[in-house]
$ cat work-v5.txt   # compact mmCIF, C-alpha atoms and all ligand atoms
# COMPACT_ATOMS: atom_id res chain seq x y z
CA MET M 1 24.80 -16.79 -49.40
CA SER M 2 27.26 -19.44 -48.28
CA LEU M 3 26.13 -22.55 -46.46
CA ASN M 4 28.23 -21.74 -43.42
CA THR M 5 26.77 -18.58 -41.87
CA PHE M 6 29.10 -18.47 -38.83
CA GLU M 7 31.36 -15.67 -40.15
CA GLU M 8 28.44 -13.73 -41.62
CA ASN M 9 26.67 -13.67 -38.23
CA ARG M 10 29.79 -12.34 -36.52
CA ARG M 11 30.14 -9.59 -39.13
CA ARG M 12 26.48 -8.57 -39.03
CA CYS M 13 25.95 -8.26 -35.34
CA GLN M 14 28.76 -7.55 -32.89
CA LEU M 15 27.70 -8.13 -29.30
CA SER M 16 29.79 -7.46 -26.26
CA GLU M 17 30.12 -10.20 -23.65
CA SER M 18 28.13 -8.23 -21.09
CA ASP M 19 25.17 -7.40 -23.37
CA GLN M 20 21.93 -9.04 -22.30
CA VAL M 21 19.79 -10.04 -25.28
CA TRP M 22 16.44 -11.80 -25.69
CA LEU M 23 16.70 -14.72 -28.12
CA PHE M 24 13.51 -16.17 -29.60
CA GLY M 25 13.66 -19.95 -30.19
CA TYR M 26 11.08 -21.80 -32.29
CA GLY M 27 12.80 -25.11 -33.18
CA SER M 28 15.44 -27.15 -31.39
CA LEU M 29 16.28 -24.09 -29.28
CA ILE M 30 12.98 -24.70 -27.45
CA TYR M 31 13.78 -28.22 -26.28
CA LEU M 32 17.57 -28.58 -26.49
CA VAL M 33 18.74 -25.83 -24.19
CA ASP M 34 22.48 -26.53 -23.98
CA PHE M 35 23.43 -22.86 -23.43
CA PRO M 36 23.36 -20.69 -20.30
CA TYR M 37 20.49 -18.22 -19.90
CA LEU M 38 19.38 -15.73 -17.27
CA GLU M 39 15.64 -16.02 -17.76
CA THR M 40 13.20 -17.85 -20.03
CA ARG M 41 9.61 -16.97 -20.98
CA PRO M 42 7.02 -18.37 -23.42
CA ALA M 43 6.71 -15.90 -26.27
CA SER M 44 5.73 -15.42 -29.90
CA ILE M 45 6.66 -13.40 -32.95
CA HIS M 46 4.24 -12.04 -35.54
CA GLY M 47 4.39 -12.39 -39.31
CA TRP M 48 6.20 -15.74 -39.43
CA SER M 49 5.30 -19.44 -39.78
CA ARG M 50 7.44 -22.40 -38.68
CA ARG M 51 8.22 -24.75 -41.59
CA PHE M 52 10.40 -27.85 -42.07
CA TRP M 53 11.88 -26.33 -45.23
CA GLN M 54 15.56 -26.14 -44.25
CA ALA M 55 18.16 -28.88 -44.81
CA SER M 56 20.33 -30.16 -42.01
CA HIS M 57 23.70 -31.39 -43.24
CA ASP M 58 25.22 -31.59 -39.80
CA HIS M 59 22.99 -32.08 -36.73
CA ARG M 60 20.15 -34.18 -38.19
CA GLY M 61 21.44 -35.30 -41.57
CA THR M 62 24.56 -35.46 -43.72
CA GLU M 63 25.79 -33.89 -46.95
CA MET M 64 24.74 -37.03 -48.80
CA ASN M 65 21.45 -37.48 -46.99
CA PRO M 66 20.22 -34.18 -45.53
CA GLY M 67 17.56 -34.04 -42.87
CA ARG M 68 14.82 -31.43 -42.61
CA VAL M 69 14.68 -28.87 -39.80
CA VAL M 70 12.60 -25.78 -39.17
CA THR M 71 13.04 -22.25 -40.35
CA LEU M 72 10.62 -19.31 -40.42
CA ILE M 73 8.74 -18.24 -43.55
CA GLU M 74 7.23 -14.76 -43.89
CA ASP M 75 3.46 -15.01 -43.43
CA THR M 76 1.74 -11.67 -42.79
CA ASP M 77 -0.99 -12.64 -40.31
CA ALA M 78 0.69 -15.65 -38.70
CA VAL M 79 1.93 -15.86 -35.12
CA CYS M 80 4.74 -18.28 -34.31
CA GLY M 81 4.85 -19.46 -30.71
CA GLY M 82 8.07 -20.46 -29.03
CA MET M 83 10.34 -19.68 -26.11
CA ALA M 84 12.40 -16.56 -25.37
CA PHE M 85 15.69 -16.77 -23.49
CA LEU M 86 17.54 -13.83 -21.97
CA VAL M 87 21.20 -14.57 -22.70
CA GLU M 88 24.54 -12.79 -22.43
CA GLY M 89 26.30 -11.66 -25.61
CA SER M 90 29.04 -14.26 -25.17
CA VAL M 91 26.51 -17.09 -25.62
CA PHE M 92 26.26 -16.27 -29.34
CA GLU M 93 29.81 -17.62 -29.85
CA GLN M 94 28.36 -21.06 -29.13
CA LEU M 95 24.96 -20.50 -30.75
CA ASP M 96 26.45 -19.23 -34.03
CA VAL M 97 28.34 -22.53 -34.32
CA ARG M 98 25.22 -24.54 -33.57
CA GLU M 99 23.09 -22.59 -36.11
CA LYS M 100 25.76 -22.25 -38.80
CA ASN M 101 24.00 -24.36 -41.45
CA GLY M 102 22.31 -21.41 -43.15
CA TYR M 103 20.80 -19.46 -40.24
CA LEU M 104 21.37 -15.72 -39.82
CA ARG M 105 20.53 -13.64 -36.77
CA PHE M 106 17.80 -11.05 -37.31
CA THR M 107 16.32 -8.52 -34.92
CA THR M 108 12.66 -9.02 -34.11
CA GLU M 109 9.96 -7.82 -31.77
CA ILE M 110 9.15 -10.56 -29.25
CA THR M 111 5.75 -10.69 -27.51
CA PHE M 112 5.75 -12.43 -24.13
CA ASP M 113 2.73 -14.41 -23.00
CA ASP M 114 1.66 -11.60 -20.64
CA GLY M 115 1.35 -9.26 -23.67
CA THR M 116 4.52 -7.23 -23.00
CA HIS M 117 7.15 -6.80 -25.72
CA ALA M 118 10.92 -6.66 -26.10
CA ASN M 119 13.32 -6.42 -29.00
CA GLY M 120 15.48 -9.47 -29.50
CA LEU M 121 17.17 -11.79 -31.95
CA VAL M 122 16.00 -14.83 -33.87
CA TYR M 123 17.89 -17.26 -36.15
CA ILE M 124 16.24 -17.56 -39.57
CA ALA M 125 17.42 -19.52 -42.60
CA THR M 126 16.14 -17.26 -45.39
CA PRO M 127 14.98 -18.55 -48.81
CA GLU M 128 18.33 -17.39 -50.35
CA ASN M 129 20.51 -19.68 -48.22
CA ASP M 130 22.29 -22.60 -49.87
CA ALA M 131 20.69 -25.22 -47.61
CA VAL M 132 17.07 -24.36 -48.37
CA LEU M 133 14.96 -27.34 -49.42
CA GLY M 134 11.67 -25.48 -49.68
CA GLU M 135 8.08 -26.56 -49.69
CA ALA M 136 6.98 -30.19 -49.85
CA SER M 137 3.91 -32.09 -48.66
CA GLU M 138 3.83 -33.07 -44.98
CA HIS M 139 3.98 -36.73 -46.06
CA GLU M 140 7.08 -36.13 -48.20
CA ILE M 141 8.74 -34.20 -45.36
CA ALA M 142 7.95 -37.05 -42.94
CA ARG M 143 9.45 -39.60 -45.34
CA GLN M 144 12.65 -37.59 -45.60
CA ILE M 145 12.82 -37.07 -41.82
CA CYS M 146 12.45 -40.82 -41.18
CA ALA M 147 15.44 -41.54 -43.44
CA ALA M 148 17.90 -39.03 -41.96
CA GLN M 149 20.24 -38.76 -39.04
CA GLY M 150 23.25 -36.64 -38.18
CA ARG M 151 25.74 -36.07 -35.42
CA SER M 152 23.10 -34.80 -32.94
CA GLY M 153 20.80 -37.78 -33.47
CA THR M 154 17.95 -38.86 -35.69
CA ASN M 155 15.87 -36.35 -37.60
CA ARG M 156 12.78 -38.15 -36.27
CA GLU M 157 13.86 -37.30 -32.71
CA TYR M 158 14.13 -33.58 -33.68
CA LEU M 159 10.53 -33.58 -34.93
CA ILE M 160 9.15 -35.57 -32.00
CA GLU M 161 10.94 -33.52 -29.33
CA LEU M 162 9.68 -30.33 -30.96
CA ALA M 163 6.10 -31.61 -31.14
CA ILE M 164 6.24 -32.67 -27.45
CA ALA M 165 7.61 -29.27 -26.42
CA LEU M 166 4.95 -27.36 -28.40
CA ARG M 167 2.18 -29.46 -26.87
CA LYS M 168 3.56 -28.91 -23.35
CA MET M 169 3.42 -25.17 -24.01
CA GLY M 170 -0.17 -25.47 -25.25
CA LEU M 171 0.81 -24.38 -28.77
CA GLU M 172 -1.01 -25.51 -31.93
CA ASP M 173 1.08 -26.07 -35.03
CA PRO M 174 -0.82 -28.03 -37.70
CA HIS M 175 2.28 -28.29 -39.95
CA VAL M 176 4.39 -29.91 -37.21
CA PHE M 177 1.59 -32.12 -35.87
CA ASP M 178 0.66 -33.30 -39.35
CA ILE M 179 4.24 -34.35 -40.07
CA GLU M 180 4.27 -36.12 -36.69
CA MET M 181 1.16 -38.08 -37.69
CA HIS M 182 2.76 -39.15 -40.98
CA ILE M 183 5.90 -40.20 -39.10
CA ASP M 184 3.77 -42.36 -36.76
CA ARG M 185 2.20 -44.05 -39.78
CA ILE M 186 5.55 -44.63 -41.48
CA THR M 187 6.98 -46.02 -38.21
CA GLN M 188 4.04 -48.43 -37.85
CA GLN M 189 4.57 -49.64 -41.43
CA GLU M 190 8.29 -50.15 -40.70
CA THR M 191 7.58 -52.22 -37.56
CA PRO M 192 6.71 -55.82 -38.50
CA SER M 193 3.49 -57.10 -36.92
CA PRO M 194 4.00 -60.06 -34.47
CA GLY M 195 2.45 -62.49 -36.94
CA ARG M 196 5.14 -61.75 -39.48
CA ILE M 197 8.14 -62.29 -37.19
CA LYS M 198 9.88 -65.65 -37.70
C1 LIG G 201 15.47 -22.26 -33.41
O1 LIG G 201 15.26 -23.27 -32.76
O2 LIG G 201 15.07 -21.15 -32.99
C2 LIG G 201 16.23 -22.27 -34.69
C3 LIG G 201 16.15 -23.53 -35.46
C4 LIG G 201 16.74 -24.73 -34.78
O3 LIG G 201 17.85 -24.65 -34.24
O4 LIG G 201 16.11 -25.80 -34.80

$ encode --input "work-v5.txt" --output "structure tokens" --more "lines below"
Ligand code: SIN
Amino acid sequence: MSLNTFEENRRRCQLSESDQVWLFGYGSLIYLVDFPYLETRPASIHGWSRRFWQASHDHRGTEMNPGRVVTLIEDTDAVCGGMAFLVEGSVFEQLDVREKNGYLRFTTEITFDDGTHANGLVYIATPENDAVLGEASEHEIARQICAAQGRSGTNREYLIELAIALRKMGLEDPHVFDIEMHIDRITQQETPSPGRIK
């Protein structure tokens, strides 16, 4: 699969402008809502885990120094919490550009926090995409995140904003919070103590 999934998304799933579609967001779509929506609700999807296993060559890294961003990994009994947005079909013009670094739109069943369900879409960067980085320890992921930045800002900011948003929603994600802890430690090591400043 090519790195740029923009054209592939358009081919796979034609939406008319007036369609109203639920979109499930689990990464930056939770906290960086730069698209119009009609309604938003806390929600989850079953059978998937959020992992920082996808490279970012554009928003949070570069070709030479990729950052790490989240994708979803199949995980039979897992539940991934996030936010659902009811959007019009035309919004995917903009979202397909934003998510073009390896993410494809898939249909999924979304469970809202009141237990009701709806069918919707979710962007997933599958293990076959050309920007997959794959598994690494939380410490290694944190190290890579601390060293990367792209045109949307630092990779560290992506992680921290996501962790803040998950906490605000009352969601537990040991993978994300563990990376956050390693980032805090790395940041403390990078900051010289007052005694060492000349
Ligand atoms: C998402 O947030 O749902 C997809 C991944 C991202 O844009 O960070």

$ closest_atom_pairs --input "work-v5.txt" --of "chain M" --to "ligand LIG 201 (chain G)" --cutoff "8 Å" --atoms "all atoms listed in the file" --output "tab-separated table"
residue	atom	partner	partner_atom	distance
M:Phe24	CA	G:LIG201	O2	6.2
M:Gly25	CA	G:LIG201	O2	3.4
M:Tyr26	CA	G:LIG201	O2	4.1
M:Gly27	CA	G:LIG201	O1	3.1
M:Ser28	CA	G:LIG201	O4	3.7
M:Leu29	CA	G:LIG201	O1	3.7
M:Ile30	CA	G:LIG201	O1	6.0
M:Val69	CA	G:LIG201	O4	6.0
M:Val70	CA	G:LIG201	O4	5.6
M:Thr71	CA	G:LIG201	C3	5.9
M:Arg98	CA	G:LIG201	O3	7.4
M:Glu99	CA	G:LIG201	O3	5.9
M:Tyr103	CA	G:LIG201	C2	7.7
M:Val122	CA	G:LIG201	O2	6.4
M:Tyr123	CA	G:LIG201	C2	5.5
M:Ile124	CA	G:LIG201	C2	6.8

$ closest_residue --input "work-v5.txt" --among "M:Glu17, M:Gly102, M:His57, M:Gly47" --to "Asp75 in chain M" --atoms "only C-alpha atoms"
M:Gly47

$ closest_residue --input "work-v5.txt" --among "M:Ala125, M:Ile160, M:Leu23, M:Cys80" --to "Asp173 in chain M" --atoms "all atoms listed in the file"
M:Cys80

$ closest_residue --input "work-v5.txt" --among "M:Ala136, M:Leu32, M:Val79, M:Ile186" --to "Gly153 in chain M" --atoms "all atoms listed in the file"
M:Leu32

$ closest_residue --input "work-v5.txt" --among "M:Glu161, M:Ser137, M:Gln189, M:Ile145" --to "Asn65 in chain M" --atoms "all atoms listed in the file"
M:Ile145
